[in-house]
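Printed here is query-v2.csv (CSV, C-alpha atoms):
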```csv
chain,number,residue,atom,x,y,z
J,1,MET,CA,-28.9,-57.3,-29.6
J,2,THR,CA,-26.5,-57.5,-32.5
J,3,THR,CA,-28.4,-54.9,-34.5
J,4,ILE,CA,-28.3,-52.5,-31.6
J,5,PHE,CA,-24.5,-53.1,-31.2
J,6,LYS,CA,-24.0,-52.5,-35.0
J,7,ASN,CA,-26.0,-49.3,-34.8
J,8,TYR,CA,-24.0,-48.1,-31.8
J,9,LEU,CA,-20.8,-48.9,-33.6
J,10,ALA,CA,-22.0,-47.0,-36.7
J,11,TRP,CA,-22.8,-43.9,-34.6
J,12,MET,CA,-19.4,-44.1,-32.9
J,13,LEU,CA,-17.7,-44.2,-36.2
J,14,VAL,CA,-19.7,-41.2,-37.5
J,15,LEU,CA,-18.9,-39.2,-34.3
J,16,LEU,CA,-15.2,-40.1,-34.6
J,17,ALA,CA,-15.2,-39.0,-38.2
J,18,ILE,CA,-16.8,-35.7,-37.3
J,19,GLY,CA,-14.3,-35.3,-34.5
J,20,PHE,CA,-11.3,-35.9,-36.8
J,21,ALA,CA,-12.6,-33.5,-39.3
J,22,SER,CA,-13.0,-30.8,-36.6
J,23,CYS,CA,-9.4,-31.4,-35.4
J,24,LYS,CA,-8.1,-31.1,-38.9
J,25,LYS,CA,-9.9,-27.8,-39.3
J,26,ASN,CA,-8.3,-26.4,-36.1
J,27,ASN,CA,-4.8,-27.4,-37.3
J,28,ASN,CA,-5.3,-25.3,-40.4
J,29,SER,CA,-6.4,-22.1,-38.4
J,30,THR,CA,-4.1,-19.1,-38.2
J,31,PRO,CA,-2.0,-18.8,-35.0
J,32,THR,CA,-2.7,-15.7,-32.9
J,33,THR,CA,0.0,-13.6,-31.2
J,34,PRO,CA,-0.5,-13.4,-27.5
J,35,THR,CA,-1.1,-9.9,-26.1
J,36,SER,CA,0.8,-8.7,-23.0
J,37,PRO,CA,-1.2,-9.8,-19.9
J,38,TYR,CA,-3.4,-7.4,-18.0
J,39,TYR,CA,-3.1,-6.9,-14.2
J,40,ASP,CA,-6.1,-6.0,-12.1
J,41,GLN,CA,-5.7,-3.8,-9.1
J,42,ALA,CA,-6.0,-5.5,-5.7
J,43,ASP,CA,-4.7,-3.2,-3.0
J,44,GLN,CA,-3.8,0.5,-2.8
J,45,MET,CA,-2.3,3.0,-0.4
J,46,GLY,CA,-1.6,6.7,-0.2
J,47,ARG,CA,-1.5,8.1,3.3
J,48,PRO,CA,-1.2,5.8,6.3
J,49,ALA,CA,-4.3,4.5,8.0
J,50,VAL,CA,-6.9,6.2,5.7
J,51,ASN,CA,-8.7,3.1,4.6
J,52,THR,CA,-8.6,1.5,8.0
J,53,VAL,CA,-9.9,4.5,9.9
J,54,PHE,CA,-12.1,6.6,7.5
J,55,ILE,CA,-13.7,4.0,5.3
J,56,PRO,CA,-16.5,1.8,6.7
J,57,ALA,CA,-16.1,-2.0,6.6
J,58,SER,CA,-18.6,-2.3,3.6
J,59,GLY,CA,-16.4,0.1,1.5
J,60,LYS,CA,-12.9,-1.1,2.2
J,61,ASP,CA,-12.5,-3.5,-0.7
J,62,SER,CA,-14.1,-1.0,-3.1
J,63,PHE,CA,-11.8,1.8,-1.8
J,64,ASN,CA,-8.8,-0.4,-2.7
J,65,VAL,CA,-9.7,-0.5,-6.4
J,66,THR,CA,-10.9,3.1,-6.8
J,67,PRO,CA,-8.6,5.5,-8.6
J,68,PRO,CA,-7.7,8.4,-6.3
J,69,SER,CA,-9.3,10.9,-8.8
J,70,GLN,CA,-12.6,9.2,-8.3
J,71,MET,CA,-12.5,8.9,-4.5
J,72,PRO,CA,-14.2,12.1,-3.4
J,73,ALA,CA,-17.4,11.5,-5.3
J,74,LEU,CA,-17.6,8.0,-3.9
J,75,PHE,CA,-16.2,8.2,-0.4
J,76,ALA,CA,-16.1,11.8,1.0
J,77,ASN,CA,-19.5,11.5,2.7
J,78,ASP,CA,-18.4,8.2,4.3
J,79,MET,CA,-15.1,9.8,5.5
J,80,LYS,CA,-16.9,12.7,7.1
J,81,THR,CA,-19.4,10.2,8.9
J,82,SER,CA,-16.4,8.2,10.1
J,83,LEU,CA,-14.5,11.2,11.4
J,84,LEU,CA,-17.5,12.5,13.3
J,85,GLY,CA,-18.3,9.0,14.5
J,86,VAL,CA,-14.9,8.5,15.9
J,87,ASN,CA,-14.8,12.0,17.4
J,88,PRO,CA,-18.3,13.5,17.8
J,89,GLY,CA,-16.8,16.6,19.4
J,90,TYR,CA,-14.6,17.4,16.3
J,91,THR,CA,-14.5,21.1,15.5
J,92,THR,CA,-11.2,21.9,13.9
J,93,ASN,CA,-7.6,20.6,14.4
J,94,LEU,CA,-4.0,21.8,14.5
J,95,LEU,CA,-4.1,22.5,10.8
J,96,THR,CA,-7.2,24.7,11.3
J,97,LEU,CA,-9.3,22.3,9.2
J,98,THR,CA,-13.0,21.9,9.6
J,99,ALA,CA,-14.4,18.4,9.2
J,100,ASP,CA,-15.3,19.2,5.6
J,101,GLN,CA,-11.8,20.6,4.9
J,102,PHE,CA,-10.1,17.7,6.6
J,103,VAL,CA,-12.1,15.3,4.5
J,104,GLY,CA,-11.4,17.4,1.5
J,105,VAL,CA,-7.6,16.9,2.1
J,106,LEU,CA,-8.0,13.1,2.8
J,107,ALA,CA,-10.5,12.2,0.1
J,108,ASN,CA,-7.9,11.8,-2.7
J,109,ASP,CA,-5.8,9.3,-0.9
J,110,VAL,CA,-2.3,10.1,-2.2
J,111,LEU,CA,1.0,10.8,-0.4
J,112,ASN,CA,1.9,14.4,-1.1
J,113,VAL,CA,5.6,14.9,-1.9
J,114,SER,CA,7.8,18.0,-2.4
J,115,THR,CA,10.7,17.6,-4.7
J,116,SER,CA,12.5,20.5,-3.0
J,117,GLY,CA,13.1,20.9,0.7
J,118,PRO,CA,12.8,18.4,3.5
J,119,THR,CA,10.3,15.5,3.2
J,120,SER,CA,8.1,14.7,6.1
J,121,PHE,CA,4.5,13.7,6.9
J,122,TYR,CA,4.5,16.3,9.7
J,123,ASN,CA,7.5,17.4,11.8
J,124,GLY,CA,6.2,20.7,13.2
J,125,THR,CA,7.4,22.7,10.2
J,126,GLN,CA,7.0,20.5,7.1
J,127,VAL,CA,3.4,19.4,6.5
J,128,LEU,CA,2.6,16.7,4.0
J,129,THR,CA,5.9,17.0,2.0
J,130,GLY,CA,6.5,13.2,2.0
J,131,ARG,CA,6.7,10.4,4.5
J,132,ALA,CA,10.1,9.6,6.1
J,133,LEU,CA,10.8,6.3,7.9
J,134,GLY,CA,11.0,8.0,11.3
J,135,ASP,CA,7.9,10.0,11.0
J,136,ASP,CA,5.4,9.2,13.8
J,137,VAL,CA,2.4,9.2,11.5
J,138,ILE,CA,0.2,7.6,14.1
J,139,ASP,CA,0.7,10.4,16.6
J,140,VAL,CA,0.1,13.0,13.8
J,141,GLU,CA,-3.1,11.4,12.8
J,142,LEU,CA,-4.4,10.8,16.3
J,143,THR,CA,-3.7,14.5,17.1
J,144,LEU,CA,-5.4,15.7,14.0
J,145,VAL,CA,-8.5,13.5,14.7
J,146,PHE,CA,-8.7,13.9,18.5
J,147,GLY,CA,-6.6,16.8,19.5
J,148,GLY,CA,-8.9,19.7,18.8
J,149,PRO,CA,-7.9,23.2,17.7
J,150,ASP,CA,-4.6,23.3,19.6
J,151,GLY,CA,-3.8,19.5,19.9
J,152,SER,CA,-4.4,19.4,23.6
J,153,ALA,CA,-7.9,17.8,23.7
J,154,ASN,CA,-8.4,14.1,24.5
J,155,PRO,CA,-4.8,13.8,26.0
J,156,GLY,CA,-5.1,10.0,26.5
J,157,LEU,CA,-5.8,9.4,22.8
J,158,THR,CA,-3.5,11.8,20.9
J,159,SER,CA,-0.3,9.7,21.3
J,160,ASP,CA,0.3,6.0,21.7
J,161,HIS,CA,3.7,6.8,23.2
J,162,VAL,CA,5.6,4.6,20.8
J,163,ASN,CA,7.7,7.2,19.2
J,164,ALA,CA,10.3,5.3,17.2
J,165,ASN,CA,11.0,2.0,15.4
J,166,ASP,CA,12.4,-0.9,17.5
J,167,VAL,CA,15.7,-0.8,15.6
J,168,PRO,CA,17.6,2.1,14.0
J,169,PHE,CA,17.3,2.7,10.3
J,170,LEU,CA,20.3,2.7,8.0
J,171,SER,CA,21.9,6.0,6.9
J,172,SER,CA,22.3,4.7,3.3
J,173,PHE,CA,20.4,2.7,0.7
J,174,PRO,CA,18.2,0.7,1.3
J,175,TYR,CA,17.6,2.6,4.6
J,176,LEU,CA,15.3,0.0,6.1
J,177,ALA,CA,16.9,-2.1,8.8
J,178,SER,CA,18.0,-5.7,8.3
J,179,PRO,CA,15.2,-8.3,8.8
J,180,HIS,CA,14.8,-10.1,12.2
J,181,GLN,CA,16.4,-13.5,11.9
U,182,MET,CA,-17.1,14.1,31.5
U,183,LYS,CA,-16.8,10.3,31.8
U,184,TRP,CA,-20.0,9.7,29.8
U,185,LYS,CA,-18.5,11.5,26.9
U,186,LYS,CA,-15.5,9.2,26.9
U,187,ILE,CA,-17.8,6.1,27.0
U,188,VAL,CA,-19.8,7.4,24.0
U,189,LEU,CA,-16.5,8.1,22.2
U,190,ILE,CA,-15.2,4.6,22.8
U,191,LEU,CA,-18.4,2.9,21.9
U,192,THR,CA,-18.6,5.0,18.7
U,193,CYS,CA,-15.0,3.9,17.9
U,194,ALA,CA,-16.0,0.3,18.4
U,195,VAL,CA,-19.0,0.7,16.1
U,196,VAL,CA,-17.2,2.5,13.4
U,197,ILE,CA,-14.1,0.4,13.4
U,198,ALA,CA,-15.6,-3.1,13.3
U,199,GLY,CA,-13.9,-6.1,14.8
U,200,GLY,CA,-11.0,-7.7,13.0
U,201,LEU,CA,-9.9,-4.4,11.4
U,202,VAL,CA,-6.6,-3.0,12.2
U,203,PHE,CA,-5.7,0.7,12.9
U,204,ALA,CA,-2.3,0.5,11.2
U,205,ALA,CA,-0.8,2.2,8.2
U,206,ASP,CA,-2.4,-0.1,5.7
U,207,HIS,CA,-1.6,-3.4,7.4
U,208,MET,CA,-4.4,-5.9,6.8
U,209,ASP,CA,-6.8,-3.2,5.8
U,210,ALA,CA,-9.5,-5.1,3.9
U,211,PRO,CA,-10.9,-8.5,3.6
U,212,ALA,CA,-10.1,-9.2,0.0
U,213,VAL,CA,-6.3,-8.6,0.4
U,214,LYS,CA,-5.7,-9.5,4.0
U,215,GLY,CA,-2.9,-12.0,4.4
U,216,THR,CA,-2.3,-12.4,0.7
U,217,THR,CA,0.8,-11.6,-1.4
U,218,ASN,CA,-1.0,-8.5,-2.6
U,219,ASP,CA,-1.4,-7.0,0.9
U,220,ILE,CA,0.3,-3.6,1.1
U,221,THR,CA,1.4,-2.5,4.6
U,222,ASP,CA,3.1,0.8,3.9
U,223,LEU,CA,4.3,3.4,1.4
U,224,TYR,CA,7.1,5.8,2.2
U,225,VAL,CA,8.6,8.6,-0.1
U,226,PHE,CA,11.5,10.7,1.2
U,227,ASN,CA,14.7,12.4,0.3
U,228,GLY,CA,17.7,10.1,-0.2
U,229,ALA,CA,21.0,10.5,1.7
U,230,ASP,CA,21.8,12.4,-1.5
U,231,THR,CA,18.9,14.9,-1.5
U,232,ASN,CA,19.0,15.0,-5.3
U,233,ASP,CA,17.3,11.7,-5.1
U,234,LEU,CA,13.9,10.6,-4.0
U,235,VAL,CA,13.4,7.2,-2.3
U,236,PHE,CA,10.2,5.1,-2.8
U,237,VAL,CA,9.5,2.2,-0.4
U,238,ALA,CA,6.8,-0.4,-1.0
U,239,ASN,CA,6.2,-2.7,1.9
U,240,THR,CA,4.0,-5.8,1.6
U,241,GLN,CA,3.0,-9.0,3.5
U,242,GLY,CA,3.3,-7.6,7.0
U,243,LEU,CA,3.6,-9.0,10.5
U,244,LEU,CA,6.0,-11.7,9.3
U,245,SER,CA,7.7,-13.5,12.1
U,246,PRO,CA,11.3,-14.5,11.5
U,247,THR,CA,10.1,-18.1,10.8
U,248,ALA,CA,7.5,-16.9,8.4
U,249,THR,CA,9.9,-14.6,6.7
U,250,ALA,CA,12.1,-17.6,5.8
U,251,THR,CA,9.5,-18.9,3.4
U,252,ALA,CA,7.7,-15.7,2.4
U,253,GLN,CA,8.1,-14.9,-1.3
U,254,PHE,CA,7.2,-12.2,-3.7
U,255,ASP,CA,4.5,-13.5,-6.1
U,256,PRO,CA,5.3,-13.6,-9.8
U,257,LYS,CA,1.7,-12.7,-10.6
U,258,THR,CA,1.7,-9.6,-8.4
U,259,LEU,CA,2.6,-6.3,-10.1
U,260,ILE,CA,3.8,-3.7,-7.7
U,261,GLN,CA,3.5,-0.1,-8.9
U,262,PHE,CA,4.4,3.4,-7.7
U,263,LYS,CA,2.0,5.7,-9.4
U,264,ILE,CA,3.1,9.3,-9.7
U,265,ASP,CA,0.9,12.4,-10.6
U,266,ASN,CA,3.1,15.4,-11.4
U,267,ASN,CA,0.4,18.0,-12.3
U,268,GLY,CA,-2.1,17.8,-9.4
U,269,ASP,CA,-5.0,16.1,-11.1
U,270,PHE,CA,-4.7,12.8,-9.1
U,271,ILE,CA,-4.2,10.8,-12.4
U,272,GLU,CA,-0.9,9.0,-12.8
U,273,ASP,CA,1.5,10.5,-15.3
U,274,MET,CA,4.4,8.1,-14.7
U,275,VAL,CA,4.7,4.7,-13.1
U,276,ILE,CA,7.5,2.6,-11.7
U,277,GLN,CA,6.7,-1.1,-12.0
U,278,ALA,CA,8.3,-4.0,-10.1
U,279,ILE,CA,7.5,-7.6,-10.7
U,280,TYR,CA,9.2,-10.8,-9.4
U,281,ALA,CA,10.4,-13.7,-11.6
U,282,ASN,CA,12.9,-16.4,-10.9
U,283,GLY,CA,14.6,-15.0,-7.9
U,284,LYS,CA,14.8,-11.4,-9.3
U,285,MET,CA,12.8,-8.3,-9.0
U,286,ASN,CA,12.4,-6.7,-12.5
U,287,PHE,CA,11.8,-3.0,-12.9
U,288,TYR,CA,10.0,-1.2,-15.7
U,289,GLY,CA,8.9,2.3,-16.4
U,290,LEU,CA,9.6,5.8,-15.1
U,291,ALA,CA,7.3,6.4,-18.0
U,292,ALA,CA,3.6,7.0,-18.7
U,293,PRO,CA,1.4,3.9,-18.3
U,294,THR,CA,-0.3,2.3,-21.3
U,295,ALA,CA,-3.6,3.3,-19.7
U,296,THR,CA,-4.5,5.0,-16.4
U,297,GLY,CA,-6.7,3.4,-13.8
U,298,THR,CA,-7.0,0.0,-12.2
U,299,LYS,CA,-6.3,-2.2,-15.2
U,300,THR,CA,-2.6,-2.2,-16.2
U,301,GLN,CA,-0.1,-3.8,-18.5
U,302,ILE,CA,3.7,-4.1,-17.9
U,303,LEU,CA,5.6,-1.5,-19.9
U,304,GLU,CA,7.7,-4.2,-21.6
U,305,SER,CA,9.6,-1.8,-23.8
U,306,LYS,CA,10.7,0.1,-20.7
U,307,LEU,CA,12.6,-2.5,-18.9
U,308,LEU,CA,15.0,-0.7,-16.6
U,309,GLY,CA,16.9,-3.6,-15.1
U,310,SER,CA,16.7,-6.1,-12.2
U,311,VAL,CA,18.1,-7.1,-8.9
U,312,ALA,CA,18.4,-10.4,-7.2
U,313,VAL,CA,16.0,-10.7,-4.2
U,314,THR,CA,18.1,-10.6,-1.0
U,315,PRO,CA,17.5,-13.7,1.1
U,316,LEU,CA,16.6,-13.5,4.8
U,317,SER,CA,20.0,-14.9,5.9
U,318,ALA,CA,22.1,-12.5,3.9
U,319,SER,CA,24.6,-10.6,6.0
U,320,SER,CA,24.2,-7.5,3.8
U,321,PRO,CA,21.6,-6.4,1.3
U,322,THR,CA,22.0,-7.0,-2.5
U,323,VAL,CA,21.5,-3.7,-4.3
U,324,ALA,CA,21.8,-2.8,-8.0
U,325,THR,CA,22.3,0.5,-9.8
U,326,LEU,CA,20.3,0.6,-13.1
U,327,SER,CA,21.4,2.3,-16.3
U,328,ASN,CA,19.3,5.4,-15.6
U,329,GLY,CA,20.8,5.9,-12.2
U,330,MET,CA,18.1,4.3,-10.1
U,331,GLN,CA,19.2,2.1,-7.1
U,332,VAL,CA,17.0,-0.9,-6.4
U,333,PHE,CA,16.5,-3.4,-3.6
U,334,ALA,CA,14.0,-6.2,-3.0
U,335,GLY,CA,13.7,-8.6,-0.1
U,336,PRO,CA,12.7,-8.9,3.6
U,337,ARG,CA,13.4,-6.0,5.9
U,338,ASP,CA,12.5,-5.1,9.5
U,339,ASP,CA,9.0,-3.5,9.4
U,340,PRO,CA,9.7,0.2,9.9
U,341,PHE,CA,6.2,0.9,11.1
U,342,PHE,CA,5.7,1.4,14.9
U,343,PHE,CA,2.4,1.6,16.8
U,344,ASP,CA,0.9,0.2,20.0
U,345,LEU,CA,-1.9,-1.6,18.1
U,346,ASN,CA,-2.7,-3.9,21.1
U,347,GLN,CA,-3.5,-1.0,23.3
U,348,PHE,CA,-5.6,0.6,20.6
U,349,HIS,CA,-7.6,-2.7,20.4
U,350,ALA,CA,-8.0,-2.5,24.2
U,351,ILE,CA,-9.3,1.0,23.9
U,352,LEU,CA,-11.8,-0.1,21.3
U,353,ALA,CA,-12.9,-3.1,23.4
U,354,GLY,CA,-13.5,-0.9,26.4
U,355,THR,CA,-10.9,-2.6,28.6
U,356,ALA,CA,-8.7,0.6,28.5
U,357,THR,CA,-9.6,4.3,28.2
U,358,SER,CA,-6.2,5.6,27.0
U,359,PHE,CA,-2.9,4.7,25.6
U,360,ASN,CA,-0.1,3.6,28.0
U,361,ASN,CA,3.0,5.7,28.6
U,362,PRO,CA,5.3,4.3,27.5
U,363,GLY,CA,3.5,2.2,24.9
U,364,THR,CA,4.6,-1.1,23.4
U,365,ASP,CA,5.3,-1.4,19.7
U,366,THR,CA,3.2,-4.3,18.3
U,367,PHE,CA,5.3,-4.4,15.2
U,368,ALA,CA,8.7,-4.8,17.0
U,369,GLY,CA,10.5,-7.9,15.8
U,370,THR,CA,8.4,-8.4,12.7
U,371,ASN,CA,9.4,-8.2,9.0
U,372,VAL,CA,7.9,-7.2,5.7
U,373,LEU,CA,8.8,-7.9,2.1
U,374,SER,CA,10.1,-4.6,0.7
U,375,VAL,CA,10.9,-3.0,-2.6
U,376,VAL,CA,13.1,0.1,-2.3
U,377,VAL,CA,13.9,2.4,-5.2
U,378,GLU,CA,16.1,5.5,-5.1
U,379,VAL,CA,15.4,7.8,-8.1
U,380,PRO,CA,17.3,10.9,-9.3
U,381,LYS,CA,14.8,13.8,-9.0
U,382,SER,CA,15.9,14.8,-12.6
U,383,LEU,CA,13.8,11.8,-13.8
U,384,LEU,CA,10.7,13.1,-11.9
U,385,PRO,CA,9.8,16.4,-13.6
U,386,THR,CA,7.1,18.5,-12.0
U,387,SER,CA,6.2,22.1,-12.9
U,388,THR,CA,4.8,22.7,-9.4
U,389,GLY,CA,7.6,21.1,-7.3
U,390,LYS,CA,5.0,18.7,-6.0
U,391,LEU,CA,4.2,15.1,-6.7
U,392,ASN,CA,1.2,13.0,-5.6
U,393,VAL,CA,2.3,9.3,-5.1
U,394,TRP,CA,0.3,6.2,-4.4
U,395,LEU,CA,1.2,2.5,-4.3
U,396,THR,CA,-0.8,-0.4,-5.8
U,397,THR,CA,-0.6,-4.1,-6.2
U,398,SER,CA,-2.3,-5.8,-9.1
U,399,ILE,CA,-3.0,-9.4,-10.0
U,400,GLN,CA,-2.3,-11.0,-13.4
U,401,GLU,CA,-5.5,-11.9,-15.1
```
I need this file expressed as structure tokens, please.
Amino acid sequence: MTTIFKNYLAWMLVLLAIGFASCKKNNNSTPTTPTSPYYDQADQMGRPAVNTVFIPASGKDSFNVTPPSQMPALFANDMKTSLLGVNPGYTTNLLTLTADQFVGVLANDVLNVSTSGPTSFYNGTQVLTGRALGDDVIDVELTLVFGGPDGSANPGLTSDHVNANDVPFLSSFPYLASPHQ
Amino acid sequence: MKWKKIVLILTCAVVIAGGLVFAADHMDAPAVKGTTNDITDLYVFNGADTNDLVFVANTQGLLSPTATATAQFDPKTLIQFKIDNNGDFIEDMVIQAIYANGKMNFYGLAAPTATGTKTQILESKLLGSVAVTPLSASSPTVATLSNGMQVFAGPRDDPFFFDLNQFHAILAGTATSFNNPGTDTFAGTNVLSVVVEVPKSLLPTSTGKLNVWLTTSIQE
């Protein structure tokens, strides 16, 4: 029993000695300068409702981490399938776009902005020159998806009849209304 | 024509699976839903001074007033406006916003260190910061940075409006059309907003057009 204990103690001392030696080595190593941290993309948005309507459930997380320049190759087919799935009768819309052309516009999911002239998602005159707080983007997208060539098809589906925010916006910065208390 | 409507509704239900939300970007995907990285909306529009362009990033949507009182920006979440000014859908400039110790810090209006989904903060391009406006503030705290940018960060009324509940009813087959008038599902709810007003002189473009998108990224 005593011999075993002595051997055990001997091994412990050996291990401790190795341990101390290792620590001493680390203390002599050159300190490294930390690099600026990296951030990995989690969510992304360009135009309203594109991911929610045109990308199938299996692709949504992937869509959120795909750079817009790479979207058409990966998602254009899915978008066309979704468009025709949602409206099998789709031919063209108010912007005279075929399904392929509509998907061609949507596939790079970015918000188009004009730096001169009025900015609006669609106000009857301006098309895709920005997105203002008061723009009824839902009605625009419902009409472009369901409304057919002149916007009059599927009348029950082309407007949700909610045409404005519940409270008025501010006329000056920061424009969004005060939070509900 | 009723059979056509039934086919349409069923197809909608199949394509837009349960739990998903037809809303600007609110709760759009499983990985980000309900997290501090969840984007709800992007807006870009002329300022009251049309020599400026306003960028709005809204996150963490459908906040009730009670939830808003404890909602916070995440110091590990980098918010970025990505700007393409030559039509190739690759970002040429970014505006970065990241929260720390009660303030939103802004970097950029410069080229990113690398394009794509892995980013670093442009630490040499710190533009300035603004204190986050608390829910109870009677007026918003805003700051004007040295380059002329105006900035704000804090809770705001969610500017998005949509009868989402009726849309769900249409998908479920318990309704065949929207109501008139509809009911705004987002009325009375808040978001956490970052608002930036930028002089257009700082946003050069040879075509007069920009492509803009909004991202959130998590510190590794």
For chain J, report every residue with an atom at most 7 Å from chain U (counting all atoms listed in the file), formatted as a PyMOL selection string.
chain J and resi 36-46+48-49+51-53+56-57+60-61+65+67-69+82+85-87+110-116+119+130-133+138+156-157+160-162+164-166+171-172+174+176-181
Write the selection just made, keeping C-alpha atoms, as a PDB file, in the coordinates of the input?
```
ATOM      1  CA  SER J  36       0.800  -8.700 -23.000  1.00  0.00           C
ATOM      2  CA  PRO J  37      -1.200  -9.800 -19.900  1.00  0.00           C
ATOM      3  CA  TYR J  38      -3.400  -7.400 -18.000  1.00  0.00           C
ATOM      4  CA  TYR J  39      -3.100  -6.900 -14.200  1.00  0.00           C
ATOM      5  CA  ASP J  40      -6.100  -6.000 -12.100  1.00  0.00           C
ATOM      6  CA  GLN J  41      -5.700  -3.800  -9.100  1.00  0.00           C
ATOM      7  CA  ALA J  42      -6.000  -5.500  -5.700  1.00  0.00           C
ATOM      8  CA  ASP J  43      -4.700  -3.200  -3.000  1.00  0.00           C
ATOM      9  CA  GLN J  44      -3.800   0.500  -2.800  1.00  0.00           C
ATOM     10  CA  MET J  45      -2.300   3.000  -0.400  1.00  0.00           C
ATOM     11  CA  GLY J  46      -1.600   6.700  -0.200  1.00  0.00           C
ATOM     12  CA  PRO J  48      -1.200   5.800   6.300  1.00  0.00           C
ATOM     13  CA  ALA J  49      -4.300   4.500   8.000  1.00  0.00           C
ATOM     14  CA  ASN J  51      -8.700   3.100   4.600  1.00  0.00           C
ATOM     15  CA  THR J  52      -8.600   1.500   8.000  1.00  0.00           C
ATOM     16  CA  VAL J  53      -9.900   4.500   9.900  1.00  0.00           C
ATOM     17  CA  PRO J  56     -16.500   1.800   6.700  1.00  0.00           C
ATOM     18  CA  ALA J  57     -16.100  -2.000   6.600  1.00  0.00           C
ATOM     19  CA  LYS J  60     -12.900  -1.100   2.200  1.00  0.00           C
ATOM     20  CA  ASP J  61     -12.500  -3.500  -0.700  1.00  0.00           C
ATOM     21  CA  VAL J  65      -9.700  -0.500  -6.400  1.00  0.00           C
ATOM     22  CA  PRO J  67      -8.600   5.500  -8.600  1.00  0.00           C
ATOM     23  CA  PRO J  68      -7.700   8.400  -6.300  1.00  0.00           C
ATOM     24  CA  SER J  69      -9.300  10.900  -8.800  1.00  0.00           C
ATOM     25  CA  SER J  82     -16.400   8.200  10.100  1.00  0.00           C
ATOM     26  CA  GLY J  85     -18.300   9.000  14.500  1.00  0.00           C
ATOM     27  CA  VAL J  86     -14.900   8.500  15.900  1.00  0.00           C
ATOM     28  CA  ASN J  87     -14.800  12.000  17.400  1.00  0.00           C
ATOM     29  CA  VAL J 110      -2.300  10.100  -2.200  1.00  0.00           C
ATOM     30  CA  LEU J 111       1.000  10.800  -0.400  1.00  0.00           C
ATOM     31  CA  ASN J 112       1.900  14.400  -1.100  1.00  0.00           C
ATOM     32  CA  VAL J 113       5.600  14.900  -1.900  1.00  0.00           C
ATOM     33  CA  SER J 114       7.800  18.000  -2.400  1.00  0.00           C
ATOM     34  CA  THR J 115      10.700  17.600  -4.700  1.00  0.00           C
ATOM     35  CA  SER J 116      12.500  20.500  -3.000  1.00  0.00           C
ATOM     36  CA  THR J 119      10.300  15.500   3.200  1.00  0.00           C
ATOM     37  CA  GLY J 130       6.500  13.200   2.000  1.00  0.00           C
ATOM     38  CA  ARG J 131       6.700  10.400   4.500  1.00  0.00           C
ATOM     39  CA  ALA J 132      10.100   9.600   6.100  1.00  0.00           C
ATOM     40  CA  LEU J 133      10.800   6.300   7.900  1.00  0.00           C
ATOM     41  CA  ILE J 138       0.200   7.600  14.100  1.00  0.00           C
ATOM     42  CA  GLY J 156      -5.100  10.000  26.500  1.00  0.00           C
ATOM     43  CA  LEU J 157      -5.800   9.400  22.800  1.00  0.00           C
ATOM     44  CA  ASP J 160       0.300   6.000  21.700  1.00  0.00           C
ATOM     45  CA  HIS J 161       3.700   6.800  23.200  1.00  0.00           C
ATOM     46  CA  VAL J 162       5.600   4.600  20.800  1.00  0.00           C
ATOM     47  CA  ALA J 164      10.300   5.300  17.200  1.00  0.00           C
ATOM     48  CA  ASN J 165      11.000   2.000  15.400  1.00  0.00           C
ATOM     49  CA  ASP J 166      12.400  -0.900  17.500  1.00  0.00           C
ATOM     50  CA  SER J 171      21.900   6.000   6.900  1.00  0.00           C
ATOM     51  CA  SER J 172      22.300   4.700   3.300  1.00  0.00           C
ATOM     52  CA  PRO J 174      18.200   0.700   1.300  1.00  0.00           C
ATOM     53  CA  LEU J 176      15.300   0.000   6.100  1.00  0.00           C
ATOM     54  CA  ALA J 177      16.900  -2.100   8.800  1.00  0.00           C
ATOM     55  CA  SER J 178      18.000  -5.700   8.300  1.00  0.00           C
ATOM     56  CA  PRO J 179      15.200  -8.300   8.800  1.00  0.00           C
ATOM     57  CA  HIS J 180      14.800 -10.100  12.200  1.00  0.00           C
ATOM     58  CA  GLN J 181      16.400 -13.500  11.900  1.00  0.00           C
TER      59      GLN J 181
END
```
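Atom CA of Thr92 of chain J to atom CA of Met79 of chain J spans 15.2 Å [interatomic distance, one decimal].
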Could you pull out every residue with an atom within 7 Å of (4.0, -13.7, -7.1), file coordinates, counting all atoms listed in the file, and send them as a PyMOL selection string?
chain U and resi 217+254-258+280
Give me, please, the distance in Å between atom CA of Leu144 of chain J and atom CA of Ser62 of chain J, quoted to one decimal.
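Answer for the atom CA of Leu144 of chain J to atom CA of Ser62 of chain J separation: 25.4 Å.
Between atom CA of Asp139 of chain J and atom CA of Thr158 of chain J lies a distance of 6.2 Å.
Within 10 Å of Ala291 of chain U, once all atoms listed in the file are used and residues closer than 6 positions along the same chain are dropped, the contacting residues are Ile264, Asp273, Met274, Val275, Ile276, Gln277, Leu303, Lys306, Leu383 and Leu384 of chain U.
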